[in-house]
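Asker: Structure: structure09.tsv, TSV, N, CA and C atoms and all ligand atoms.
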chain	number	residue	atom	x	y	z
A	1	MET	N	5.99	-14.64	-22.33
A	1	MET	CA	6.26	-13.34	-22.99
A	1	MET	C	5.60	-12.21	-22.22
A	2	GLU	N	6.39	-11.20	-22.02
A	2	GLU	CA	5.82	-10.04	-21.33
A	2	GLU	C	5.71	-8.88	-22.30
A	3	THR	N	4.57	-8.69	-22.77
A	3	THR	CA	4.37	-7.59	-23.71
A	3	THR	C	3.86	-6.34	-23.03
A	4	THR	N	3.10	-6.55	-21.98
A	4	THR	CA	2.60	-5.39	-21.25
A	4	THR	C	3.03	-5.48	-19.79
A	5	LYS	N	3.68	-4.46	-19.35
A	5	LYS	CA	4.04	-4.41	-17.94
A	5	LYS	C	2.89	-3.80	-17.16
A	6	PRO	N	2.65	-4.36	-16.01
A	6	PRO	CA	1.64	-3.73	-15.16
A	6	PRO	C	2.12	-2.35	-14.72
A	7	ASP	N	1.20	-1.48	-14.57
A	7	ASP	CA	1.53	-0.12	-14.19
A	7	ASP	C	1.73	-0.06	-12.68
A	8	LEU	N	2.98	-0.14	-12.28
A	8	LEU	CA	3.25	-0.19	-10.85
A	8	LEU	C	3.58	1.17	-10.29
A	9	SER	N	3.22	1.34	-9.07
A	9	SER	CA	3.63	2.57	-8.39
A	9	SER	C	4.22	2.20	-7.04
A	10	ALA	N	5.18	2.98	-6.61
A	10	ALA	CA	5.82	2.73	-5.32
A	10	ALA	C	4.91	3.23	-4.21
A	11	VAL	N	4.59	2.34	-3.34
A	11	VAL	CA	3.67	2.68	-2.25
A	11	VAL	C	4.40	2.57	-0.92
A	12	PRO	N	4.34	3.59	-0.11
A	12	PRO	CA	4.96	3.50	1.21
A	12	PRO	C	4.18	2.54	2.09
A	13	ILE	N	4.91	1.64	2.72
A	13	ILE	CA	4.25	0.63	3.55
A	13	ILE	C	5.00	0.46	4.86
A	14	TRP	N	4.38	-0.23	5.77
A	14	TRP	CA	5.06	-0.77	6.94
A	14	TRP	C	5.15	-2.26	6.73
A	15	ARG	N	6.32	-2.83	7.00
A	15	ARG	CA	6.39	-4.28	6.92
A	15	ARG	C	7.03	-4.83	8.18
A	16	CYS	N	6.72	-6.08	8.43
A	16	CYS	CA	7.19	-6.73	9.64
A	16	CYS	C	8.70	-6.95	9.56
A	17	VAL	N	9.38	-6.75	10.68
A	17	VAL	CA	10.83	-6.96	10.68
A	17	VAL	C	11.19	-8.44	10.63
A	18	ASN	N	10.25	-9.26	11.02
A	18	ASN	CA	10.49	-10.70	11.02
A	18	ASN	C	10.44	-11.22	9.59
A	19	LYS	N	11.55	-11.76	9.12
A	19	LYS	CA	11.59	-12.17	7.72
A	19	LYS	C	10.68	-13.35	7.42
A	20	GLU	N	10.36	-14.08	8.45
A	20	GLU	CA	9.47	-15.23	8.22
A	20	GLU	C	8.01	-14.80	8.18
A	21	CYS	N	7.80	-13.58	8.54
A	21	CYS	CA	6.44	-13.06	8.58
A	21	CYS	C	6.27	-12.09	7.42
A	22	LYS	N	5.28	-12.33	6.64
A	22	LYS	CA	5.13	-11.51	5.43
A	22	LYS	C	4.10	-10.41	5.58
A	23	ALA	N	3.79	-10.11	6.80
A	23	ALA	CA	2.77	-9.10	7.02
A	23	ALA	C	3.27	-7.72	6.59
A	24	TRP	N	2.41	-6.96	5.99
A	24	TRP	CA	2.71	-5.57	5.68
A	24	TRP	C	1.39	-4.83	5.57
A	25	VAL	N	1.50	-3.52	5.72
A	25	VAL	CA	0.29	-2.72	5.65
A	25	VAL	C	0.62	-1.40	4.97
A	26	ARG	N	-0.28	-0.92	4.20
A	26	ARG	CA	-0.06	0.39	3.59
A	26	ARG	C	0.10	1.44	4.67
A	27	GLU	N	1.05	2.32	4.43
A	27	GLU	CA	1.30	3.36	5.42
A	27	GLU	C	0.03	4.17	5.68
A	28	GLU	N	-0.71	4.41	4.63
A	28	GLU	CA	-1.91	5.24	4.79
A	28	GLU	C	-2.99	4.53	5.60
A	29	LEU	N	-2.85	3.20	5.74
A	29	LEU	CA	-3.84	2.46	6.50
A	29	LEU	C	-3.36	2.14	7.91
A	30	ALA	N	-2.13	2.50	8.19
A	30	ALA	CA	-1.60	2.22	9.53
A	30	ALA	C	-2.34	3.08	10.54
A	31	THR	N	-2.59	2.46	11.67
A	31	THR	CA	-3.39	3.16	12.68
A	31	THR	C	-2.56	4.09	13.54
A	32	SER	N	-1.25	3.89	13.54
A	32	SER	CA	-0.42	4.76	14.35
A	32	SER	C	0.90	5.01	13.64
A	33	GLY	N	1.73	5.83	14.25
A	33	GLY	CA	3.02	6.15	13.65
A	33	GLY	C	4.00	5.01	13.69
A	34	SER	N	3.75	4.07	14.57
A	34	SER	CA	4.63	2.90	14.64
A	34	SER	C	3.78	1.67	14.94
A	35	PRO	N	3.15	1.16	13.91
A	35	PRO	CA	2.22	0.04	14.09
A	35	PRO	C	2.94	-1.23	14.49
A	36	GLU	N	2.22	-2.12	15.10
A	36	GLU	CA	2.80	-3.42	15.41
A	36	GLU	C	2.21	-4.44	14.44
A	37	CYS	N	2.98	-5.47	14.20
A	37	CYS	CA	2.55	-6.48	13.25
A	37	CYS	C	1.25	-7.14	13.71
A	38	PRO	N	0.26	-7.18	12.84
A	38	PRO	CA	-1.03	-7.79	13.21
A	38	PRO	C	-0.93	-9.30	13.38
A	39	ILE	N	0.12	-9.89	12.87
A	39	ILE	CA	0.25	-11.35	12.93
A	39	ILE	C	1.13	-11.79	14.10
A	40	CYS	N	2.35	-11.26	14.15
A	40	CYS	CA	3.27	-11.74	15.19
A	40	CYS	C	3.51	-10.70	16.27
A	41	LYS	N	2.86	-9.57	16.15
A	41	LYS	CA	2.97	-8.50	17.15
A	41	LYS	C	4.38	-7.93	17.27
A	42	GLY	N	5.16	-8.15	16.25
A	42	GLY	CA	6.52	-7.62	16.26
A	42	GLY	C	6.55	-6.19	15.76
A	43	ASN	N	7.74	-5.65	15.70
A	43	ASN	CA	7.89	-4.29	15.19
A	43	ASN	C	7.72	-4.26	13.68
A	44	MET	N	7.37	-3.11	13.20
A	44	MET	CA	7.28	-2.93	11.76
A	44	MET	C	8.17	-1.78	11.35
A	45	ILE	N	8.73	-1.92	10.17
A	45	ILE	CA	9.60	-0.86	9.67
A	45	ILE	C	9.04	-0.33	8.36
A	46	ARG	N	9.42	0.88	8.06
A	46	ARG	CA	8.92	1.48	6.82
A	46	ARG	C	9.61	0.86	5.62
A	47	GLY	N	8.87	0.80	4.58
A	47	GLY	CA	9.44	0.25	3.36
A	47	GLY	C	8.64	0.75	2.16
A	48	ILE	N	9.03	0.23	1.03
A	48	ILE	CA	8.35	0.59	-0.22
A	48	ILE	C	7.93	-0.70	-0.91
A	49	LYS	N	6.76	-0.71	-1.41
A	49	LYS	CA	6.29	-1.86	-2.15
A	49	LYS	C	5.76	-1.37	-3.48
A	50	HIS	N	6.09	-2.13	-4.50
A	50	HIS	CA	5.59	-1.74	-5.83
A	50	HIS	C	4.30	-2.50	-6.11
A	51	LEU	N	3.26	-1.76	-6.19
A	51	LEU	CA	1.94	-2.34	-6.36
A	51	LEU	C	1.29	-1.79	-7.62
A	52	PRO	N	0.43	-2.60	-8.21
A	52	PRO	CA	-0.34	-2.07	-9.34
A	52	PRO	C	-1.17	-0.89	-8.88
A	53	LYS	N	-1.28	0.10	-9.72
A	53	LYS	CA	-2.07	1.26	-9.33
A	53	LYS	C	-3.51	0.87	-9.12
A	54	LEU	N	-4.03	1.41	-8.06
A	54	LEU	CA	-5.42	1.12	-7.76
A	54	LEU	C	-6.31	2.11	-8.46
A	55	ILE	N	-7.42	1.61	-8.89
A	55	ILE	CA	-8.44	2.52	-9.37
A	55	ILE	C	-9.18	3.00	-8.14
A	56	LYS	N	-9.15	4.28	-7.98
A	56	LYS	CA	-9.74	4.80	-6.75
A	56	LYS	C	-11.25	4.64	-6.76
A	57	LYS	N	-11.70	4.07	-5.69
A	57	LYS	CA	-13.15	3.97	-5.55
A	57	LYS	C	-13.63	5.21	-4.84
A	58	HIS	N	-14.73	5.70	-5.30
A	58	HIS	CA	-15.25	6.87	-4.58
A	58	HIS	C	-16.10	6.37	-3.44
A	59	LYS	N	-15.41	6.10	-2.37
A	59	LYS	CA	-16.09	5.54	-1.21
A	59	LYS	C	-16.31	6.63	-0.18
A	60	ALA	N	-15.20	7.05	0.41
A	60	ALA	CA	-15.32	8.05	1.45
A	60	ALA	C	-15.04	9.45	0.91
A	61	GLU	N	-14.19	9.47	-0.11
A	61	GLU	CA	-13.76	10.77	-0.58
A	61	GLU	C	-14.76	11.38	-1.57
A	62	PRO	N	-14.94	12.65	-1.47
A	62	PRO	CA	-15.77	13.33	-2.46
A	62	PRO	C	-15.03	13.40	-3.79
A	63	ARG	N	-15.75	13.72	-4.81
A	63	ARG	CA	-15.12	13.78	-6.13
A	63	ARG	C	-14.04	14.85	-6.17
A	64	LYS	N	-12.96	14.49	-6.82
A	64	LYS	CA	-11.87	15.44	-6.97
A	64	LYS	C	-11.54	15.53	-8.45
A	65	LYS	N	-10.76	16.53	-8.77
A	65	LYS	CA	-10.27	16.60	-10.14
A	65	LYS	C	-9.37	15.41	-10.44
A	66	GLU	N	-8.66	14.99	-9.42
A	66	GLU	CA	-7.79	13.83	-9.55
A	66	GLU	C	-8.52	12.62	-10.09
A	67	ALA	N	-9.73	12.46	-9.67
A	67	ALA	CA	-10.48	11.28	-10.03
A	67	ALA	C	-10.61	11.13	-11.54
A	68	ASP	N	-10.70	12.23	-12.22
A	68	ASP	CA	-10.82	12.16	-13.67
A	68	ASP	C	-9.60	11.55	-14.31
A	69	GLN	N	-8.46	11.85	-13.72
A	69	GLN	CA	-7.23	11.36	-14.31
A	69	GLN	C	-7.12	9.85	-14.21
A	70	TRP	N	-7.72	9.32	-13.20
A	70	TRP	CA	-7.65	7.86	-13.02
A	70	TRP	C	-8.43	7.13	-14.11
A	71	LEU	N	-9.32	7.81	-14.71
A	71	LEU	CA	-10.15	7.15	-15.72
A	71	LEU	C	-9.49	7.11	-17.08
A	72	ARG	N	-8.43	7.86	-17.23
A	72	ARG	CA	-7.81	7.91	-18.56
A	72	ARG	C	-6.85	6.79	-18.79
A	101	ZN	ZN	4.94	-10.13	11.80
Would you write out, as structure tokens, the structure that this file holds?
Ligand SMILES: [Zn+2]
Answerer:
Amino acid sequence: METTKPDLSAVPIWRCVNKECKAWVREELATSGSPECPICKGNMIRGIKHLPKLIKKHKAEPRKKEADQWLR
């Protein structure tokens, strides 16, 4: 029974073009405009992945007004 759906958000990602390779990386974490697959060194293409929303950790970023919204 699914009573509660996880709160998913569409996240831009790069994913490997090789279907047998499941590597993907968040676009925001990609080191370049056209990253290569860390596993098979193949090309990566842009895509969208639906991921549960992350609770932002205040690691590198200073406090923002946005941060308050994440707590609600
Ligand atoms: Zn790959």
Asker: Using only C-alpha atoms and all ligand atoms, which residues of the polymer chains come no farther than 6 Å from ligand ZN 101 (chain A)? I'd like the answer as a ChimeraX atom specification.
Answerer: /A:16,18,21,23,37,39-42
Asker: For Leu29 of chain A, list every protein, DNA or RNA residue within 12 Å, evaluated using only C-alpha atoms, and leave out those in the same chain fewer than 6 positions away; present the list as a list in words.
Answerer: Val11, Pro12, Ile13, Trp14 and Pro35 of chain A
Asker: Using only N, CA and C atoms, pick whichever of A:Leu8, A:Ala30, A:Val25, A:Val17 has the shortest atom-to-atom distance to Pro52 of chain A.
Answerer: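 So, comparing all the options, the nearest one is A:Leu8.
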Asker: In Å, rounded to a single decimal, give me how far atom C of Arg15 of chain A is from atom CA of Lys49 of chain A.
Answerer: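 According to the coordinates, atom CA of Lys49 of chain A and atom C of Arg15 of chain A are separated by 10.8 Å.
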Asker: In Å, with one decimal, what is the gap from atom CA of Glu27 of chain A to atom CA of Lys5 of chain A?
Answerer: 24.8 Å
Asker: So the first atom is atom CA of Leu51 of chain A and the second is atom CA of Arg26 of chain A; what is the distance between them in Å, to one decimal place?
Answerer: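 Between atom CA of Leu51 of chain A and atom CA of Arg26 of chain A the gap is 10.5 Å.
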Asker: Return as AutoDock Vina command-line options the box centre and box size in Å, one decimal, for an axis-aligned box around all listed atoms of segment 7-24 of chain A padded by 3 Å per side.
Answerer:
--center_x 6.4 --center_y -5.8 --center_z -1.8 --size_x 16.4 --size_y 24.8 --size_z 31.6
Asker: Up to 8 Å from (1.7, -0.2, -10.1) in the file's coordinates: name the residues, counting only C-alpha atoms, as a ChimeraX atom specification.
Answerer: /A:6-10,50-54
